[in-house]
file start-v8.pdb (PDB, C-alpha atoms, pLDDT in the B column)
ATOM      1  CA  MET A  26       3.559-121.474 -42.058  1.00 70.00           C
ATOM      2  CA  ASN A  27       3.878-117.708 -42.449  1.00 80.00           C
ATOM      3  CA  THR A  28       1.388-115.599 -44.403  1.00 93.00           C
ATOM      4  CA  ILE A  29       3.604-115.092 -47.456  1.00 96.00           C
ATOM      5  CA  GLU A  30       4.293-118.820 -47.651  1.00 96.00           C
ATOM      6  CA  SER A  31       0.615-119.743 -47.338  1.00 96.00           C
ATOM      7  CA  ASN A  32      -0.396-117.063 -49.886  1.00 96.00           C
ATOM      8  CA  LEU A  33       2.159-118.472 -52.327  1.00 96.00           C
ATOM      9  CA  GLN A  34       0.884-121.989 -51.788  1.00 96.00           C
ATOM     10  CA  ASP A  35      -2.720-120.899 -52.423  1.00 95.00           C
ATOM     11  CA  ILE A  36      -1.737-119.141 -55.661  1.00 96.00           C
ATOM     12  CA  ARG A  37       0.374-122.058 -56.881  1.00 96.00           C
ATOM     13  CA  ASN A  38      -2.592-124.336 -56.273  1.00 96.00           C
ATOM     14  CA  SER A  39      -4.786-122.032 -58.367  1.00 95.00           C
ATOM     15  CA  ILE A  40      -2.578-121.795 -61.468  1.00 96.00           C
ATOM     16  CA  PRO A  41      -1.786-124.556 -63.981  1.00 97.00           C
ATOM     17  CA  GLU A  42       1.741-125.960 -64.207  1.00 94.00           C
ATOM     18  CA  ASN A  43       2.345-124.375 -67.602  1.00 95.00           C
ATOM     19  CA  VAL A  44       1.809-120.845 -66.216  1.00 98.00           C
ATOM     20  CA  THR A  45       4.872-119.045 -64.829  1.00 98.00           C
ATOM     21  CA  LEU A  46       4.356-117.152 -61.574  1.00 98.00           C
ATOM     22  CA  VAL A  47       6.248-113.865 -61.239  1.00 98.00           C
ATOM     23  CA  ALA A  48       6.167-112.667 -57.625  1.00 98.00           C
ATOM     24  CA  VAL A  49       5.900-108.886 -57.880  1.00 97.00           C
ATOM     25  CA  SER A  50       8.072-107.691 -55.030  1.00 96.00           C
ATOM     26  CA  LYS A  51       8.329-103.956 -55.761  1.00 94.00           C
ATOM     27  CA  THR A  52       8.468-101.785 -52.602  1.00 93.00           C
ATOM     28  CA  LYS A  53       8.748-104.902 -50.414  1.00 95.00           C
ATOM     29  CA  PRO A  54      11.667-105.419 -48.024  1.00 96.00           C
ATOM     30  CA  ILE A  55      14.239-108.142 -48.656  1.00 97.00           C
ATOM     31  CA  SER A  56      12.954-110.017 -45.578  1.00 97.00           C
ATOM     32  CA  ASP A  57       9.591-110.490 -47.351  1.00 97.00           C
ATOM     33  CA  LEU A  58      11.276-111.642 -50.545  1.00 97.00           C
ATOM     34  CA  MET A  59      13.379-114.109 -48.570  1.00 98.00           C
ATOM     35  CA  GLN A  60      10.234-115.617 -47.054  1.00 97.00           C
ATOM     36  CA  ALA A  61       8.946-116.212 -50.588  1.00 98.00           C
ATOM     37  CA  TYR A  62      12.373-117.510 -51.635  1.00 98.00           C
ATOM     38  CA  GLU A  63      12.448-119.964 -48.739  1.00 97.00           C
ATOM     39  CA  ALA A  64       8.979-121.148 -49.827  1.00 97.00           C
ATOM     40  CA  GLY A  65      10.484-122.026 -53.224  1.00 97.00           C
ATOM     41  CA  GLN A  66       9.782-118.888 -55.292  1.00 98.00           C
ATOM     42  CA  ARG A  67      12.628-118.049 -57.681  1.00 98.00           C
ATOM     43  CA  ILE A  68      11.153-115.495 -60.113  1.00 98.00           C
ATOM     44  CA  PHE A  69      10.702-111.960 -58.801  1.00 98.00           C
ATOM     45  CA  GLY A  70       9.429-108.884 -60.648  1.00 98.00           C
ATOM     46  CA  GLU A  71      10.399-105.299 -59.862  1.00 98.00           C
ATOM     47  CA  ASN A  72       9.367-102.022 -61.473  1.00 95.00           C
ATOM     48  CA  LYS A  73      12.289 -99.789 -60.422  1.00 96.00           C
ATOM     49  CA  ILE A  74      15.714-100.705 -61.731  1.00 97.00           C
ATOM     50  CA  GLN A  75      17.631 -99.230 -58.808  1.00 96.00           C
ATOM     51  CA  GLU A  76      15.549-101.131 -56.250  1.00 97.00           C
ATOM     52  CA  MET A  77      15.935-104.365 -58.217  1.00 98.00           C
ATOM     53  CA  ALA A  78      19.724-103.891 -58.489  1.00 98.00           C
ATOM     54  CA  GLU A  79      20.009-103.344 -54.728  1.00 97.00           C
ATOM     55  CA  LYS A  80      18.025-106.526 -54.041  1.00 98.00           C
ATOM     56  CA  TRP A  81      20.068-108.468 -56.597  1.00 98.00           C
ATOM     57  CA  GLU A  82      23.281-107.396 -54.833  1.00 97.00           C
ATOM     58  CA  THR A  83      22.300-108.964 -51.524  1.00 97.00           C
ATOM     59  CA  MET A  84      19.995-111.850 -52.431  1.00 98.00           C
ATOM     60  CA  PRO A  85      20.786-115.419 -53.589  1.00 98.00           C
ATOM     61  CA  LYS A  86      22.134-115.602 -57.115  1.00 97.00           C
ATOM     62  CA  ASP A  87      19.766-118.314 -58.345  1.00 98.00           C
ATOM     63  CA  ILE A  88      16.915-115.767 -58.380  1.00 98.00           C
ATOM     64  CA  ILE A  89      15.567-114.881 -61.833  1.00 98.00           C
ATOM     65  CA  TRP A  90      14.853-111.149 -62.013  1.00 98.00           C
ATOM     66  CA  HIS A  91      12.149-109.672 -64.224  1.00 98.00           C
ATOM     67  CA  MET A  92      11.841-105.959 -64.896  1.00 98.00           C
ATOM     68  CA  ILE A  93       8.103-105.376 -65.176  1.00 96.00           C
ATOM     69  CA  GLY A  94       7.890-101.567 -65.126  1.00 93.00           C
ATOM     70  CA  HIS A  95       8.362 -98.965 -67.826  1.00 92.00           C
ATOM     71  CA  VAL A  96      12.064 -98.742 -68.723  1.00 95.00           C
ATOM     72  CA  GLN A  97      14.019 -95.582 -69.504  1.00 94.00           C
ATOM     73  CA  THR A  98      16.859 -96.255 -71.926  1.00 96.00           C
ATOM     74  CA  ASN A  99      19.444 -94.498 -69.737  1.00 97.00           C
ATOM     75  CA  LYS A 100      18.743 -96.951 -66.870  1.00 97.00           C
ATOM     76  CA  VAL A 101      19.210-100.198 -68.821  1.00 98.00           C
ATOM     77  CA  LYS A 102      22.931-100.329 -67.996  1.00 98.00           C
ATOM     78  CA  TYR A 103      22.191-100.774 -64.280  1.00 98.00           C
ATOM     79  CA  MET A 104      20.457-104.131 -64.796  1.00 98.00           C
ATOM     80  CA  ALA A 105      22.106-105.475 -67.957  1.00 98.00           C
ATOM     81  CA  SER A 106      24.465-107.775 -66.065  1.00 98.00           C
ATOM     82  CA  PHE A 107      21.721-109.789 -64.376  1.00 98.00           C
ATOM     83  CA  VAL A 108      18.143-109.145 -65.554  1.00 98.00           C
ATOM     84  CA  ASP A 109      16.573-112.178 -67.227  1.00 98.00           C
ATOM     85  CA  LEU A 110      13.382-110.760 -68.773  1.00 98.00           C
ATOM     86  CA  ILE A 111      12.255-107.188 -69.516  1.00 98.00           C
ATOM     87  CA  HIS A 112       8.461-107.125 -69.819  1.00 97.00           C
ATOM     88  CA  ALA A 113       7.549-103.670 -71.066  1.00 95.00           C
ATOM     89  CA  VAL A 114       9.505-103.092 -74.275  1.00 97.00           C
ATOM     90  CA  ASP A 115       7.690-100.597 -76.466  1.00 95.00           C
ATOM     91  CA  SER A 116      10.226 -99.145 -78.916  1.00 96.00           C
ATOM     92  CA  TYR A 117      13.129 -99.980 -81.215  1.00 97.00           C
ATOM     93  CA  LYS A 118      15.216 -97.414 -79.327  1.00 97.00           C
ATOM     94  CA  LEU A 119      14.800 -99.394 -76.106  1.00 98.00           C
ATOM     95  CA  LEU A 120      15.511-102.753 -77.790  1.00 98.00           C
ATOM     96  CA  LYS A 121      18.679-101.301 -79.315  1.00 98.00           C
ATOM     97  CA  GLU A 122      19.882-100.063 -75.911  1.00 98.00           C
ATOM     98  CA  ILE A 123      19.132-103.415 -74.250  1.00 98.00           C
ATOM     99  CA  ASP A 124      21.125-105.128 -77.013  1.00 98.00           C
ATOM    100  CA  LYS A 125      24.041-102.708 -76.603  1.00 98.00           C
ATOM    101  CA  GLN A 126      24.219-103.159 -72.820  1.00 98.00           C
ATOM    102  CA  ALA A 127      23.733-106.958 -72.968  1.00 98.00           C
ATOM    103  CA  LYS A 128      26.632-107.208 -75.421  1.00 98.00           C
ATOM    104  CA  LYS A 129      28.983-105.711 -72.811  1.00 98.00           C
ATOM    105  CA  TYR A 130      28.326-108.746 -70.598  1.00 98.00           C
ATOM    106  CA  ASN A 131      28.211-111.237 -73.471  1.00 98.00           C
ATOM    107  CA  ARG A 132      24.595-111.985 -72.547  1.00 98.00           C
ATOM    108  CA  THR A 133      21.267-112.294 -74.294  1.00 98.00           C
ATOM    109  CA  ILE A 134      18.424-110.510 -72.521  1.00 98.00           C
ATOM    110  CA  ASN A 135      14.888-111.787 -73.026  1.00 98.00           C
ATOM    111  CA  CYS A 136      12.184-109.225 -73.824  1.00 98.00           C
ATOM    112  CA  LEU A 137       8.424-109.003 -74.164  1.00 98.00           C
ATOM    113  CA  LEU A 138       6.770-106.451 -76.418  1.00 98.00           C
ATOM    114  CA  GLN A 139       4.156-104.489 -74.497  1.00 97.00           C
ATOM    115  CA  ILE A 140       0.878-104.321 -76.388  1.00 97.00           C
ATOM    116  CA  LYS A 141      -1.537-101.561 -75.438  1.00 94.00           C
ATOM    117  CA  ILE A 142      -4.871-103.219 -74.658  1.00 91.00           C
ATOM    118  CA  ALA A 143      -6.264-100.962 -71.929  1.00 86.00           C
ATOM    119  CA  LYS A 144      -8.553 -98.000 -72.441  1.00 78.00           C
ATOM    120  CA  GLU A 145      -6.608 -95.818 -69.994  1.00 72.00           C
ATOM    121  CA  GLU A 146      -4.411 -93.141 -71.510  1.00 68.00           C
ATOM    122  CA  SER A 147      -1.649 -93.692 -68.953  1.00 61.00           C
ATOM    123  CA  LYS A 148      -0.793 -97.192 -70.127  1.00 63.00           C
ATOM    124  CA  TYR A 149       2.290 -97.533 -72.320  1.00 81.00           C
ATOM    125  CA  GLY A 150       2.514 -99.968 -75.184  1.00 93.00           C
ATOM    126  CA  LEU A 151       2.526-100.641 -78.895  1.00 96.00           C
ATOM    127  CA  SER A 152      -0.441-101.054 -81.166  1.00 95.00           C
ATOM    128  CA  GLU A 153      -0.648-104.445 -82.900  1.00 96.00           C
ATOM    129  CA  GLU A 154       0.506-102.790 -86.110  1.00 96.00           C
ATOM    130  CA  GLU A 155       3.541-101.185 -84.406  1.00 97.00           C
ATOM    131  CA  ALA A 156       4.479-104.543 -82.827  1.00 97.00           C
ATOM    132  CA  LEU A 157       4.419-106.226 -86.239  1.00 97.00           C
ATOM    133  CA  ILE A 158       6.575-103.470 -87.730  1.00 97.00           C
ATOM    134  CA  LEU A 159       9.153-104.109 -84.974  1.00 96.00           C
ATOM    135  CA  LEU A 160       9.048-107.893 -85.395  1.00 97.00           C
ATOM    136  CA  ASN A 161       9.515-107.574 -89.165  1.00 96.00           C
ATOM    137  CA  SER A 162      12.235-104.947 -88.996  1.00 96.00           C
ATOM    138  CA  GLU A 163      15.674-105.906 -90.318  1.00 96.00           C
ATOM    139  CA  GLU A 164      17.267-103.719 -87.624  1.00 96.00           C
ATOM    140  CA  VAL A 165      15.536-105.743 -84.898  1.00 96.00           C
ATOM    141  CA  LYS A 166      16.486-109.042 -86.542  1.00 94.00           C
ATOM    142  CA  ASN A 167      20.118-107.895 -86.473  1.00 96.00           C
ATOM    143  CA  LEU A 168      20.139-107.371 -82.695  1.00 97.00           C
ATOM    144  CA  ASN A 169      22.051-110.432 -81.496  1.00 97.00           C
ATOM    145  CA  ASN A 170      21.869-109.839 -77.743  1.00 98.00           C
ATOM    146  CA  VAL A 171      18.121-109.525 -77.296  1.00 98.00           C
ATOM    147  CA  HIS A 172      15.562-112.278 -77.661  1.00 98.00           C
ATOM    148  CA  ILE A 173      11.906-111.319 -78.073  1.00 98.00           C
ATOM    149  CA  GLN A 174      10.135-114.231 -76.412  1.00 98.00           C
ATOM    150  CA  GLY A 175       6.556-112.998 -76.348  1.00 98.00           C
ATOM    151  CA  ILE A 176       4.138-110.193 -75.626  1.00 98.00           C
ATOM    152  CA  MET A 177       2.579-108.660 -72.542  1.00 97.00           C
ATOM    153  CA  GLY A 178      -0.386-106.460 -71.776  1.00 95.00           C
ATOM    154  CA  MET A 179      -2.187-104.846 -68.866  1.00 92.00           C
ATOM    155  CA  ALA A 180      -5.955-104.768 -68.771  1.00 91.00           C
ATOM    156  CA  THR A 181      -7.811-101.609 -67.795  1.00 89.00           C
ATOM    157  CA  PHE A 182      -8.018-101.102 -64.032  1.00 86.00           C
ATOM    158  CA  THR A 183     -11.776-101.503 -63.712  1.00 88.00           C
ATOM    159  CA  ASP A 184     -14.472-103.588 -62.030  1.00 88.00           C
ATOM    160  CA  ASP A 185     -16.056-104.154 -65.423  1.00 90.00           C
ATOM    161  CA  GLN A 186     -15.338-107.843 -65.902  1.00 91.00           C
ATOM    162  CA  GLN A 187     -16.629-107.822 -69.446  1.00 94.00           C
ATOM    163  CA  GLN A 188     -14.150-105.127 -70.473  1.00 94.00           C
ATOM    164  CA  ILE A 189     -11.216-107.018 -68.916  1.00 94.00           C
ATOM    165  CA  ASN A 190     -12.268-110.221 -70.694  1.00 95.00           C
ATOM    166  CA  THR A 191     -12.602-108.369 -74.012  1.00 95.00           C
ATOM    167  CA  GLU A 192      -9.080-106.929 -73.641  1.00 95.00           C
ATOM    168  CA  PHE A 193      -7.579-110.315 -72.734  1.00 97.00           C
ATOM    169  CA  LYS A 194      -9.408-111.953 -75.652  1.00 97.00           C
ATOM    170  CA  ARG A 195      -8.031-109.342 -78.039  1.00 96.00           C
ATOM    171  CA  ILE A 196      -4.384-109.804 -77.031  1.00 97.00           C
ATOM    172  CA  LYS A 197      -4.746-113.607 -77.093  1.00 98.00           C
ATOM    173  CA  ALA A 198      -6.215-113.450 -80.610  1.00 97.00           C
ATOM    174  CA  PHE A 199      -3.247-111.287 -81.706  1.00 98.00           C
ATOM    175  CA  PHE A 200      -0.793-113.695 -80.042  1.00 98.00           C
ATOM    176  CA  ASP A 201      -2.369-116.699 -81.786  1.00 98.00           C
ATOM    177  CA  ARG A 202      -2.397-114.898 -85.113  1.00 97.00           C
ATOM    178  CA  ILE A 203       1.310-113.997 -85.128  1.00 97.00           C
ATOM    179  CA  ARG A 204       2.815-117.081 -83.497  1.00 96.00           C
ATOM    180  CA  PRO A 205       2.967-119.266 -86.630  1.00 96.00           C
ATOM    181  CA  GLN A 206       5.130-116.588 -88.272  1.00 95.00           C
ATOM    182  CA  TYR A 207       7.275-115.981 -85.150  1.00 95.00           C
ATOM    183  CA  PRO A 208       7.789-119.363 -83.423  1.00 93.00           C
ATOM    184  CA  ASP A 209      10.086-117.766 -80.785  1.00 94.00           C
ATOM    185  CA  LEU A 210       7.037-116.043 -79.264  1.00 97.00           C
ATOM    186  CA  LYS A 211       6.123-118.452 -76.484  1.00 97.00           C
ATOM    187  CA  THR A 212       5.129-116.106 -73.637  1.00 98.00           C
ATOM    188  CA  LEU A 213       1.825-114.304 -73.201  1.00 98.00           C
ATOM    189  CA  SER A 214       2.193-112.275 -69.996  1.00 98.00           C
ATOM    190  CA  ILE A 215      -1.244-111.075 -68.891  1.00 97.00           C
ATOM    191  CA  GLY A 216      -2.907-111.117 -65.502  1.00 96.00           C
ATOM    192  CA  MET A 217      -2.139-109.609 -62.098  1.00 94.00           C
ATOM    193  CA  SER A 218      -3.493-110.130 -58.575  1.00 91.00           C
ATOM    194  CA  GLY A 219      -6.978-108.861 -59.414  1.00 90.00           C
ATOM    195  CA  ASP A 220      -7.494-110.584 -62.748  1.00 94.00           C
ATOM    196  CA  TYR A 221      -5.038-113.467 -63.103  1.00 96.00           C
ATOM    197  CA  ARG A 222      -7.728-116.164 -63.043  1.00 95.00           C
ATOM    198  CA  GLU A 223      -9.478-114.541 -66.017  1.00 95.00           C
ATOM    199  CA  ALA A 224      -6.114-114.110 -67.755  1.00 97.00           C
ATOM    200  CA  ILE A 225      -5.377-117.836 -67.395  1.00 97.00           C
ATOM    201  CA  VAL A 226      -8.774-118.675 -68.892  1.00 96.00           C
ATOM    202  CA  HIS A 227      -7.732-116.508 -71.859  1.00 97.00           C
ATOM    203  CA  GLY A 228      -4.448-118.330 -72.375  1.00 97.00           C
ATOM    204  CA  SER A 229      -1.921-116.457 -70.200  1.00 98.00           C
ATOM    205  CA  THR A 230       1.379-118.289 -69.796  1.00 98.00           C
ATOM    206  CA  MET A 231       2.808-115.844 -67.226  1.00 98.00           C
ATOM    207  CA  VAL A 232       1.071-113.988 -64.389  1.00 98.00           C
ATOM    208  CA  ARG A 233       2.471-111.106 -62.323  1.00 98.00           C
ATOM    209  CA  ILE A 234       1.181-111.313 -58.761  1.00 97.00           C
ATOM    210  CA  GLY A 235       2.179-108.978 -55.932  1.00 96.00           C
ATOM    211  CA  SER A 236      -0.440-107.972 -53.367  1.00 93.00           C
ATOM    212  CA  SER A 237      -2.002-111.448 -53.241  1.00 95.00           C
ATOM    213  CA  ILE A 238       1.396-112.780 -52.102  1.00 97.00           C
ATOM    214  CA  PHE A 239       2.950-109.947 -50.113  1.00 95.00           C
ATOM    215  CA  GLY A 240      -0.111-107.942 -49.026  1.00 88.00           C
ATOM    216  CA  ALA A 241      -0.953-104.381 -50.015  1.00 75.00           C
ATOM    217  CA  ARG A 242       1.822-102.364 -51.648  1.00 59.00           C
ATOM    218  CA  ASN A 243       3.857 -99.896 -49.604  1.00 54.00           C
ATOM    219  CA  TYR A 244       3.765 -96.513 -51.264  1.00 49.00           C
ATOM    220  CA  GLY A 245       6.890 -94.735 -50.182  1.00 43.00           C
TER     221      GLY A 245
END

call {"tool": "encode", "arguments": {"input": "start-v8.pdb", "output": "structure tokens"}}
result
Amino acid sequence: MNTIESNLQDIRNSIPENVTLVAVSKTKPISDLMQAYEAGQRIFGENKIQEMAEKWETMPKDIIWHMIGHVQTNKVKYMASFVDLIHAVDSYKLLKEIDKQAKKYNRTINCLLQIKIAKEESKYGLSEEEALILLNSEEVKNLNNVHIQGIMGMATFTDDQQQINTEFKRIKAFFDRIRPQYPDLKTLSIGMSGDYREAIVHGSTMVRIGSSIFGARNYG
């Protein structure tokens, strides 16, 4: 068994069946992704649209592609024909563009609203109030080619476990509060390699794991 395969097996054994595993494959070569694919992984997450499109071109077509990075509206067209879920939606402008591009392919693209839970200034995302304004907006309700299926958040990059837990608790409380009004919201995407176990304790239904599967990221 190769390292990627054994890493995947270890992670699968550590997450409940109701939690979706997104293998974060950004910067990794196709050969690494294919090892994960051959070990049964079908959901891959990328943070650069061009890189994801190149991988999509050459890899098996039963792969489900997630865009997990910040999205510029002018790049949406490059992934609209195949992307399944866009994680980091943080504006009506972006939702409108996703809808427009999805319509060209007669598709519905799933989206998560990114909620800002981290203390760091660099993190994108909506406040809870801004997210509710979007969900209640008539313009958003009239977008027929996007489907908002949940929310996502990224905890502060810190060793302070208490802070991470507080941030996860806050987004879970928000998720629980709004779900009765918006039954389509089924996904809570929180948790990455360093904190996914805590995220699962706090009710995550989707974890984004890269380095624990593929090894340290290649910065190129």

call {"tool": "resolve_selection", "arguments": {"input": "start-v8.pdb", "expression": "the PyMOL selection byres ((chain A and resi 32-46) around 9)", "output": "NGL selection string"}}
result
:A and (27-31 or 47-48 or 61 or 64 or 66 or 68-69 or 214 or 221-222 or 225 or 229-234 or 237-239)

call {"tool": "write_last_selection", "arguments": {"input": "start-v8.pdb", "atoms": "C-alpha atoms", "output": "compact mmCIF listing (two decimals), in the frame of the given file"}}
result
# COMPACT_ATOMS: atom_id res chain seq x y z
CA ASN A 27 3.88 -117.71 -42.45
CA THR A 28 1.39 -115.60 -44.40
CA ILE A 29 3.60 -115.09 -47.46
CA GLU A 30 4.29 -118.82 -47.65
CA SER A 31 0.62 -119.74 -47.34
CA VAL A 47 6.25 -113.86 -61.24
CA ALA A 48 6.17 -112.67 -57.62
CA ALA A 61 8.95 -116.21 -50.59
CA ALA A 64 8.98 -121.15 -49.83
CA GLN A 66 9.78 -118.89 -55.29
CA ILE A 68 11.15 -115.50 -60.11
CA PHE A 69 10.70 -111.96 -58.80
CA SER A 214 2.19 -112.28 -70.00
CA TYR A 221 -5.04 -113.47 -63.10
CA ARG A 222 -7.73 -116.16 -63.04
CA ILE A 225 -5.38 -117.84 -67.40
CA SER A 229 -1.92 -116.46 -70.20
CA THR A 230 1.38 -118.29 -69.80
CA MET A 231 2.81 -115.84 -67.23
CA VAL A 232 1.07 -113.99 -64.39
CA ARG A 233 2.47 -111.11 -62.32
CA ILE A 234 1.18 -111.31 -58.76
CA SER A 237 -2.00 -111.45 -53.24
CA ILE A 238 1.40 -112.78 -52.10
CA PHE A 239 2.95 -109.95 -50.11

call {"tool": "residues_near_point", "arguments": {"input": "start-v8.pdb", "point": "(17.7, -103.4, -82.5)", "cutoff": "9 Å", "atoms": "all atoms listed in the file", "output": "number ranges by chain"}}
result
A: 117-125, 159, 162-169, 171

call {"tool": "atom_distance", "arguments": {"input": "start-v8.pdb", "atom1": "CA of His227 in chain A", "atom2": "CA of Thr212 in chain A"}}
result
13.0 Å

call {"tool": "resolve_selection", "arguments": {"input": "start-v8.pdb", "expression": "the PyMOL selection byres ((chain A and resi 51) around 7)", "output": "PDB file with C-alpha atoms, in the coordinates of the input"}}
result
ATOM      1  CA  VAL A  49       5.900-108.886 -57.880  1.00 97.00           C
ATOM      2  CA  SER A  50       8.072-107.691 -55.030  1.00 96.00           C
ATOM      3  CA  THR A  52       8.468-101.785 -52.602  1.00 93.00           C
ATOM      4  CA  LYS A  53       8.748-104.902 -50.414  1.00 95.00           C
ATOM      5  CA  GLU A  71      10.399-105.299 -59.862  1.00 98.00           C
ATOM      6  CA  ASN A  72       9.367-102.022 -61.473  1.00 95.00           C
TER       7      ASN A  72
END

call {"tool": "residues_around", "arguments": {"input": "start-v8.pdb", "residues": "Leu157 in chain A", "least_positions_apart": "5", "cutoff": "12 Å", "atoms": "all atoms listed in the file", "output": "PyMOL selection string"}}
result
chain A and resi 115-117+138-140+151-152+162-163+165+176+199-200+202-204+206-207

call {"tool": "atom_distance", "arguments": {"input": "start-v8.pdb", "atom1": "CA of Ala127 in chain A", "atom2": "CA of Tyr62 in chain A"}}
result
26.4 Å

call {"tool": "resolve_selection", "arguments": {"input": "start-v8.pdb", "expression": "the PyMOL selection byres ((chain A and resi 101-109) around 6)", "output": "list in words"}}
result
Trp90, His91, Thr98, Asn99, Lys100, Leu110, Gln126, Ala127 and Ile134 of chain A

call {"tool": "closest_residue", "arguments": {"input": "start-v8.pdb", "among": "A:Met84, A:Ile142, A:Ala156, A:Ala180", "to": "Pro54 in chain A", "atoms": "all atoms listed in the file"}}
result
A:Met84

call {"tool": "residues_near_point", "arguments": {"input": "start-v8.pdb", "point": "(20.1, -111.6, -50.2)", "cutoff": "9 Å", "atoms": "all atoms listed in the file", "output": "number ranges by chain"}}
result
A: 55-56, 58-59, 80-86

call {"tool": "residues_around", "arguments": {"input": "start-v8.pdb", "residues": "Gln186 in chain A", "least_positions_apart": "5", "cutoff": "12 Å", "atoms": "all atoms listed in the file", "output": "list in words"}}
result
Ala180, Thr181, Thr191, Glu192, Phe193, Gly219, Asp220, Arg222, Glu223 and Ala224 of chain A

call {"tool": "closest_residue", "arguments": {"input": "start-v8.pdb", "among": "A:Ile173, A:Ile189, A:Val226, A:Ile74", "to": "Gln97 in chain A", "atoms": "only C-alpha atoms"}}
result
A:Ile74

call {"tool": "build_atoms", "arguments": {"input": "start-v8.pdb", "residues": "range 180-191 of chain A", "atoms": "N, CA, C and O atoms", "output": "short mmCIF file (atom, residue, chain, number, x, y, z; two decimals), in the coordinates of the input"}}
result
data_model
loop_
_atom_site.label_atom_id
_atom_site.label_comp_id
_atom_site.auth_asym_id
_atom_site.auth_seq_id
_atom_site.Cartn_x
_atom_site.Cartn_y
_atom_site.Cartn_z
N ALA A 180 -4.55 -105.12 -68.56
CA ALA A 180 -5.96 -104.77 -68.77
C ALA A 180 -6.27 -103.46 -68.05
O ALA A 180 -5.56 -103.05 -67.13
N THR A 181 -7.34 -102.82 -68.45
CA THR A 181 -7.81 -101.61 -67.80
C THR A 181 -8.11 -101.90 -66.32
O THR A 181 -8.62 -102.96 -65.98
N PHE A 182 -7.74 -100.96 -65.47
CA PHE A 182 -8.02 -101.10 -64.03
C PHE A 182 -9.48 -100.74 -63.80
O PHE A 182 -9.84 -99.57 -63.71
N THR A 183 -10.33 -101.75 -63.77
CA THR A 183 -11.78 -101.50 -63.71
C THR A 183 -12.47 -102.70 -63.07
O THR A 183 -11.91 -103.80 -63.04
N ASP A 184 -13.67 -102.47 -62.55
CA ASP A 184 -14.47 -103.59 -62.03
C ASP A 184 -15.32 -104.21 -63.12
O ASP A 184 -16.04 -105.18 -62.88
N ASP A 185 -15.25 -103.65 -64.31
CA ASP A 185 -16.06 -104.15 -65.42
C ASP A 185 -15.41 -105.42 -66.00
O ASP A 185 -14.50 -105.35 -66.82
N GLN A 186 -15.91 -106.54 -65.54
CA GLN A 186 -15.34 -107.84 -65.90
C GLN A 186 -15.39 -108.09 -67.41
O GLN A 186 -14.48 -108.66 -68.00
N GLN A 187 -16.45 -107.61 -68.01
CA GLN A 187 -16.63 -107.82 -69.45
C GLN A 187 -15.54 -107.11 -70.24
O GLN A 187 -14.99 -107.64 -71.20
N GLN A 188 -15.21 -105.89 -69.79
CA GLN A 188 -14.15 -105.13 -70.47
C GLN A 188 -12.80 -105.83 -70.35
O GLN A 188 -12.05 -105.95 -71.32
N ILE A 189 -12.48 -106.31 -69.14
CA ILE A 189 -11.22 -107.02 -68.92
C ILE A 189 -11.14 -108.25 -69.82
O ILE A 189 -10.14 -108.50 -70.49
N ASN A 190 -12.24 -109.02 -69.85
CA ASN A 190 -12.27 -110.22 -70.69
C ASN A 190 -12.09 -109.89 -72.17
O ASN A 190 -11.38 -110.58 -72.90
N THR A 191 -12.73 -108.80 -72.61
CA THR A 191 -12.60 -108.37 -74.01
C THR A 191 -11.15 -108.03 -74.33
O THR A 191 -10.62 -108.41 -75.39
#
